[in-house]
file model_31.txt (compact mmCIF, C-alpha atoms)
# COMPACT_ATOMS: atom_id res chain seq x y z
CA ARG A 1 -16.98 -6.01 14.46
CA HIS A 2 -17.77 -8.44 11.71
CA HIS A 3 -15.25 -9.63 9.15
CA LYS A 4 -15.14 -7.22 6.28
CA ALA A 5 -16.10 -9.24 3.24
CA ARG A 6 -13.87 -7.25 0.92
CA ILE A 7 -11.00 -4.81 1.07
CA ASN A 8 -10.57 -2.57 -1.98
CA ILE A 9 -7.16 -1.15 -2.83
CA ASN A 10 -6.39 1.27 -5.63
CA ILE A 11 -2.73 1.42 -6.52
CA LYS A 12 -0.75 2.73 -9.44
CA ASP A 13 2.52 0.88 -8.95
CA ALA A 14 3.37 -1.45 -6.10
CA VAL A 15 4.92 -4.71 -5.05
CA LEU A 16 2.49 -6.96 -3.18
CA PRO A 17 4.13 -9.89 -1.40
CA ILE A 18 1.41 -12.49 -0.90
CA ALA A 19 1.87 -15.61 1.21
CA GLY A 20 -0.66 -18.34 1.74
CA ASP A 21 -1.11 -21.65 3.48
CA VAL A 22 1.74 -21.14 5.94
CA HIS A 23 -0.08 -23.27 8.57
CA VAL A 24 2.10 -21.99 11.40
CA TRP A 25 2.90 -24.56 14.11
CA PRO A 26 5.23 -24.13 17.08
CA GLY A 27 8.84 -24.91 16.34
CA GLU A 28 11.26 -24.23 13.54
CA ARG A 29 10.18 -22.05 10.63
CA THR A 30 9.83 -23.58 7.20
CA THR A 31 12.01 -22.29 4.37
CA ALA A 32 8.97 -20.57 2.83
CA GLN A 33 8.08 -18.88 6.14
CA ARG A 34 11.63 -17.56 6.58
CA ALA A 35 11.77 -16.47 2.93
CA TYR A 36 8.56 -14.47 3.25
CA VAL A 37 9.90 -12.50 6.22
CA GLU A 38 13.11 -11.82 4.28
CA MET A 39 11.13 -10.74 1.21
CA VAL A 40 9.09 -8.27 3.28
CA LYS A 41 12.31 -6.94 4.83
CA ARG A 42 13.96 -6.39 1.44
CA LEU A 43 10.99 -5.13 -0.58
CA LYS A 44 9.48 -2.81 2.08
CA PRO A 45 5.94 -3.06 0.61
CA ALA A 46 3.04 -0.80 1.56
CA TYR A 47 0.69 -3.80 1.69
CA ILE A 48 1.45 -7.21 3.15
CA ILE A 49 -1.14 -9.86 2.37
CA MET A 50 -1.62 -13.30 3.86
CA VAL A 51 -3.97 -15.32 1.67
CA GLY A 52 -5.39 -17.73 4.21
CA ASP A 53 -4.55 -20.66 6.45
CA VAL A 54 -2.05 -18.90 8.64
CA PHE A 55 -3.64 -20.67 11.62
CA ASP A 56 -3.98 -24.43 11.16
CA GLY A 57 -6.35 -25.61 13.88
CA ALA A 58 -5.07 -29.19 13.88
CA ARG A 59 -6.90 -30.15 17.09
CA ILE A 60 -10.20 -28.62 16.00
CA SER A 61 -10.23 -30.13 12.54
CA ARG A 62 -13.33 -31.87 11.20
CA HIS A 63 -11.03 -34.74 10.30
CA PRO A 64 -10.51 -37.55 12.82
CA ARG A 65 -7.17 -38.15 14.49
CA ILE A 66 -4.65 -40.26 12.61
CA GLY A 67 -1.38 -41.74 13.78
CA PHE A 68 1.19 -39.26 12.55
CA LEU A 69 -0.71 -36.29 13.99
CA GLU A 70 -0.91 -37.62 17.56
CA ASN A 71 1.30 -34.79 18.79
CA ARG A 72 -0.73 -31.97 17.32
CA PRO A 73 -0.22 -28.63 19.08
CA THR A 74 -3.01 -27.17 21.18
CA VAL A 75 -5.00 -24.20 19.93
CA ALA A 76 -3.19 -22.01 22.49
CA GLU A 77 0.22 -23.21 21.24
CA GLU A 78 -0.78 -22.54 17.64
CA LEU A 79 -2.12 -19.06 18.40
CA LYS A 80 1.14 -18.20 20.19
CA ALA A 81 3.18 -19.48 17.22
CA VAL A 82 1.04 -17.47 14.78
CA ASP A 83 1.50 -14.36 16.94
CA VAL A 84 5.28 -14.82 16.98
CA TYR A 85 5.39 -15.31 13.20
CA LEU A 86 3.12 -12.37 12.37
CA THR A 87 5.18 -10.20 14.73
CA GLU A 88 8.31 -11.18 12.76
CA ILE A 89 6.58 -10.00 9.58
CA GLU A 90 5.43 -6.77 11.23
CA LYS A 91 8.99 -6.01 12.41
CA ALA A 92 10.35 -6.65 8.91
CA ALA A 93 7.78 -4.33 7.31
CA PRO A 94 8.20 -0.60 6.79
CA ARG A 95 6.48 1.85 9.10
CA GLY A 96 2.89 2.48 8.02
CA ALA A 97 2.49 -0.79 6.13
CA THR A 98 -1.01 -2.26 5.93
CA PHE A 99 -1.36 -5.89 7.03
CA ILE A 100 -4.20 -7.88 5.45
CA TRP A 101 -5.30 -11.43 6.26
CA CYS A 102 -7.69 -13.05 3.78
CA LEU A 103 -9.20 -15.79 5.89
CA GLY A 104 -8.93 -19.39 4.75
CA ASN A 105 -10.81 -22.55 5.62
CA HIS A 106 -8.30 -23.48 8.37
CA ASP A 107 -8.48 -19.97 9.86
CA ALA A 108 -12.28 -20.31 9.92
CA ARG A 109 -11.95 -23.44 12.10
CA TYR A 110 -11.29 -21.22 15.12
CA GLU A 111 -14.61 -19.39 15.09
CA SER A 112 -16.56 -22.31 13.61
CA TYR A 113 -15.49 -24.52 16.49
CA LEU A 114 -16.45 -21.92 19.07
CA ALA A 115 -19.79 -21.21 17.40
CA GLN A 116 -20.61 -24.91 17.34
CA ASN A 117 -19.36 -25.82 20.82
CA ALA A 118 -19.67 -22.63 22.86
CA SER A 119 -22.46 -20.60 21.24
CA GLU A 120 -23.30 -19.03 24.60
CA MET A 121 -19.97 -17.13 24.31
CA GLU A 122 -21.20 -15.12 21.31
CA GLY A 123 -20.29 -11.45 21.68
CA VAL A 124 -17.56 -12.05 24.25
CA GLU A 125 -14.35 -10.19 23.44
CA GLY A 126 -11.57 -12.48 22.29
CA MET A 127 -13.78 -15.11 20.69
CA HIS A 128 -12.84 -14.03 17.16
CA LEU A 129 -9.51 -14.73 15.49
CA LYS A 130 -9.27 -11.04 14.56
CA ASP A 131 -9.35 -10.16 18.28
CA LYS A 132 -6.05 -12.01 18.71
CA PHE A 133 -4.30 -10.18 15.86
CA PRO A 134 -5.61 -6.58 15.81
CA ARG A 135 -2.93 -5.20 13.46
CA TRP A 136 -4.13 -7.50 10.67
CA LEU A 137 -7.25 -6.52 8.70
CA PRO A 138 -9.44 -9.62 8.24
CA CYS A 139 -11.40 -10.12 5.02
CA TRP A 140 -12.52 -12.78 2.59
CA ALA A 141 -11.11 -11.04 -0.50
CA VAL A 142 -8.93 -8.12 -1.61
CA HIS A 143 -9.79 -6.37 -4.87
CA ILE A 144 -6.96 -4.45 -6.50
CA ASN A 145 -8.01 -1.66 -8.90
CA GLU A 146 -11.57 -2.90 -9.32
CA GLY A 147 -13.21 -1.88 -12.60
CA GLN A 148 -9.86 -0.96 -14.17
CA PRO A 149 -7.54 -2.86 -16.50
CA GLY A 150 -5.56 -5.29 -14.40
CA HIS A 151 -8.33 -5.77 -11.82
CA THR A 152 -7.01 -8.52 -9.57
CA VAL A 153 -8.78 -10.49 -6.85
CA ILE A 154 -6.86 -12.03 -3.96
CA LYS A 155 -8.64 -14.64 -1.83
CA HIS A 156 -7.90 -17.97 -0.22
CA ARG A 157 -9.97 -20.09 -2.59
CA TRP A 158 -12.77 -19.95 -5.08
CA HIS A 159 -12.79 -22.87 -7.47
CA ASN A 160 -10.93 -26.06 -6.59
CA GLY A 161 -9.21 -28.89 -8.41
CA VAL A 162 -6.41 -29.21 -10.91
CA HIS A 163 -7.98 -26.56 -13.16
CA ALA A 164 -8.64 -24.03 -10.37
CA ALA A 165 -6.39 -21.30 -11.82
CA TYR A 166 -8.10 -21.56 -15.21
CA ASN A 167 -11.61 -21.67 -13.75
CA ASN A 168 -10.93 -18.76 -11.40
CA VAL A 169 -9.77 -16.51 -14.24
CA LEU A 170 -12.40 -17.68 -16.71
CA LYS A 171 -15.36 -17.34 -14.33
CA SER A 172 -14.27 -14.15 -12.54
CA GLY A 173 -13.15 -12.21 -15.60
CA THR A 174 -10.21 -10.91 -13.54
CA SER A 175 -6.73 -11.97 -12.64
CA MET A 176 -6.88 -13.95 -9.41
CA VAL A 177 -4.40 -14.97 -6.72
CA THR A 178 -5.46 -17.88 -4.51
CA GLY A 179 -3.93 -20.36 -2.13
CA HIS A 180 -5.66 -23.40 -0.68
CA LEU A 181 -4.31 -26.03 -3.10
CA HIS A 182 -0.67 -25.73 -1.93
CA LYS A 183 0.32 -25.56 -5.58
CA LEU A 184 2.93 -23.09 -6.74
CA ASP A 185 1.62 -22.22 -10.18
CA ALA A 186 1.05 -19.11 -12.28
CA ARG A 187 -0.88 -19.28 -15.55
CA LYS A 188 -1.44 -16.70 -18.26
CA TYR A 189 -4.82 -16.61 -20.05
CA ALA A 190 -5.80 -14.55 -23.07
CA ASP A 191 -9.15 -13.95 -24.72
CA PHE A 192 -10.89 -11.03 -26.47
CA ARG A 193 -10.95 -9.10 -23.17
CA GLY A 194 -7.18 -9.21 -22.78
CA ILE A 195 -4.60 -11.08 -20.74
CA ARG A 196 -5.30 -12.26 -17.20
CA TYR A 197 -3.40 -14.41 -14.75
CA GLY A 198 -4.41 -17.16 -12.34
call {"tool": "encode", "arguments": {"input": "model_31.txt", "output": "structure tokens"}}
result
Amino acid sequence: RHHKARININIKDAVLPIAGDVHVWPGERTTAQRAYVEMVKRLKPAYIIMVGDVFDGARISRHPRIGFLENRPTVAEELKAVDVYLTEIEKAAPRGATFIWCLGNHDARYESYLAQNASEMEGVEGMHLKDKFPRWLPCWAVHINEGQPGHTVIKHRWHNGVHAAYNNVLKSGTSMVTGHLHKLDARKYADFRGIRYG
């Protein structure tokens, strides 16, 4: 199976808890990680969406080692920690919930590293991140109510920089939810087509 580029969802009324850039490492949960599990438990949503960088890939980064990251976890330790965290979310969710994982640049490190360093393993089961987490639907973007008022796109990143929210909304013509910048920000934009959010 290849990653599905897009997942389309048509909904009339729903709560969509979206979490991004959780960068799960072994050890104690962050406040945001614990809060997300609690939010899923309380809201009981039909769709649970992670918007990228659940896996960090600290040891397979393109960036060189620096002093304060000398004790980076191994890939195996990170994958185990991600599995434990995603299982917590799954247990908090209602029966029948759909779990979606929009892949981010850190998540892509897993397969990119294998493709670059072990290309002869192509096609072997377990070489894809999605093989490790089969309950989660992998994609690059989720489109909510495409072609309708309120069309919203959810993806890890599109445009970058301090004006990313503005550029995403302006250039997509839709409301857009992204992560990547680790910036908690919601902006409202209005033009002759209506109101959109980034």
call {"tool": "closest_atom_pairs", "arguments": {"input": "model_31.txt", "of": "stretch 99-120 of chain A", "to": "stretch 164-187 of chain A", "cutoff": "12 Å", "atoms": "only C-alpha atoms", "output": "tab-separated table"}}
result
residue	atom	partner	partner_atom	distance
A:Cys102	CA	A:Thr178	CA	9.9
A:Leu103	CA	A:Gly179	CA	10.6
A:Gly104	CA	A:His180	CA	7.5
A:Asn105	CA	A:His180	CA	8.2
A:His106	CA	A:His180	CA	9.4
A:Asp107	CA	A:His180	CA	11.4
call {"tool": "atom_distance", "arguments": {"input": "model_31.txt", "atom1": "atom CA of A:Val22", "atom2": "atom CA of A:Arg95"}}
result
23.7 Å
call {"tool": "residues_around", "arguments": {"input": "model_31.txt", "residues": "A:Thr98", "least_positions_apart": "5", "cutoff": "9 Å", "atoms": "only C-alpha atoms", "output": "list in words"}}
result
Pro45, Ala46, Tyr47, Ile48, Ile49, Arg135, Trp136 and Leu137 of chain A
call {"tool": "closest_residue", "arguments": {"input": "model_31.txt", "among": "A:Ile60, A:Ile9, A:His23, A:Lys44", "to": "A:Gly96", "atoms": "only C-alpha atoms"}}
result
A:Lys44
call {"tool": "residues_around", "arguments": {"input": "model_31.txt", "residues": "A:Cys139", "least_positions_apart": "4", "cutoff": "9 Å", "atoms": "all atoms listed in the file", "output": "list in words"}}
result
His3, Lys4, Ala5, Arg6, Ile7, Ile100, Trp101, Cys102, Leu103 and Lys155 of chain A
call {"tool": "axis_aligned_box", "arguments": {"input": "model_31.txt", "around": "stretch 125-144 of chain A", "padding_each_side": "5 Å", "output": "JSON"}}
result
{"center_x": -8.6, "center_y": -9.8, "center_z": 8.5, "size_x": 21.4, "size_y": 20.7, "size_z": 39.9}
call {"tool": "closest_residue", "arguments": {"input": "model_31.txt", "among": "A:Gly198, A:Ala58, A:Arg109, A:Phe99", "to": "A:Pro134", "atoms": "all atoms listed in the file"}}
result
A:Phe99
call {"tool": "atom_distance", "arguments": {"input": "model_31.txt", "atom1": "atom CA of A:Arg196", "atom2": "atom CA of A:Pro149"}}
result
9.7 Å
call {"tool": "residues_around", "arguments": {"input": "model_31.txt", "residues": "A:Ala108", "least_positions_apart": "6", "cutoff": "10 Å", "atoms": "only C-alpha atoms", "output": "list of chain:residue names"}}
result
A:Gly52, A:Asp53, A:Phe55, A:Asp56, A:Gly57, A:His128, A:Leu129
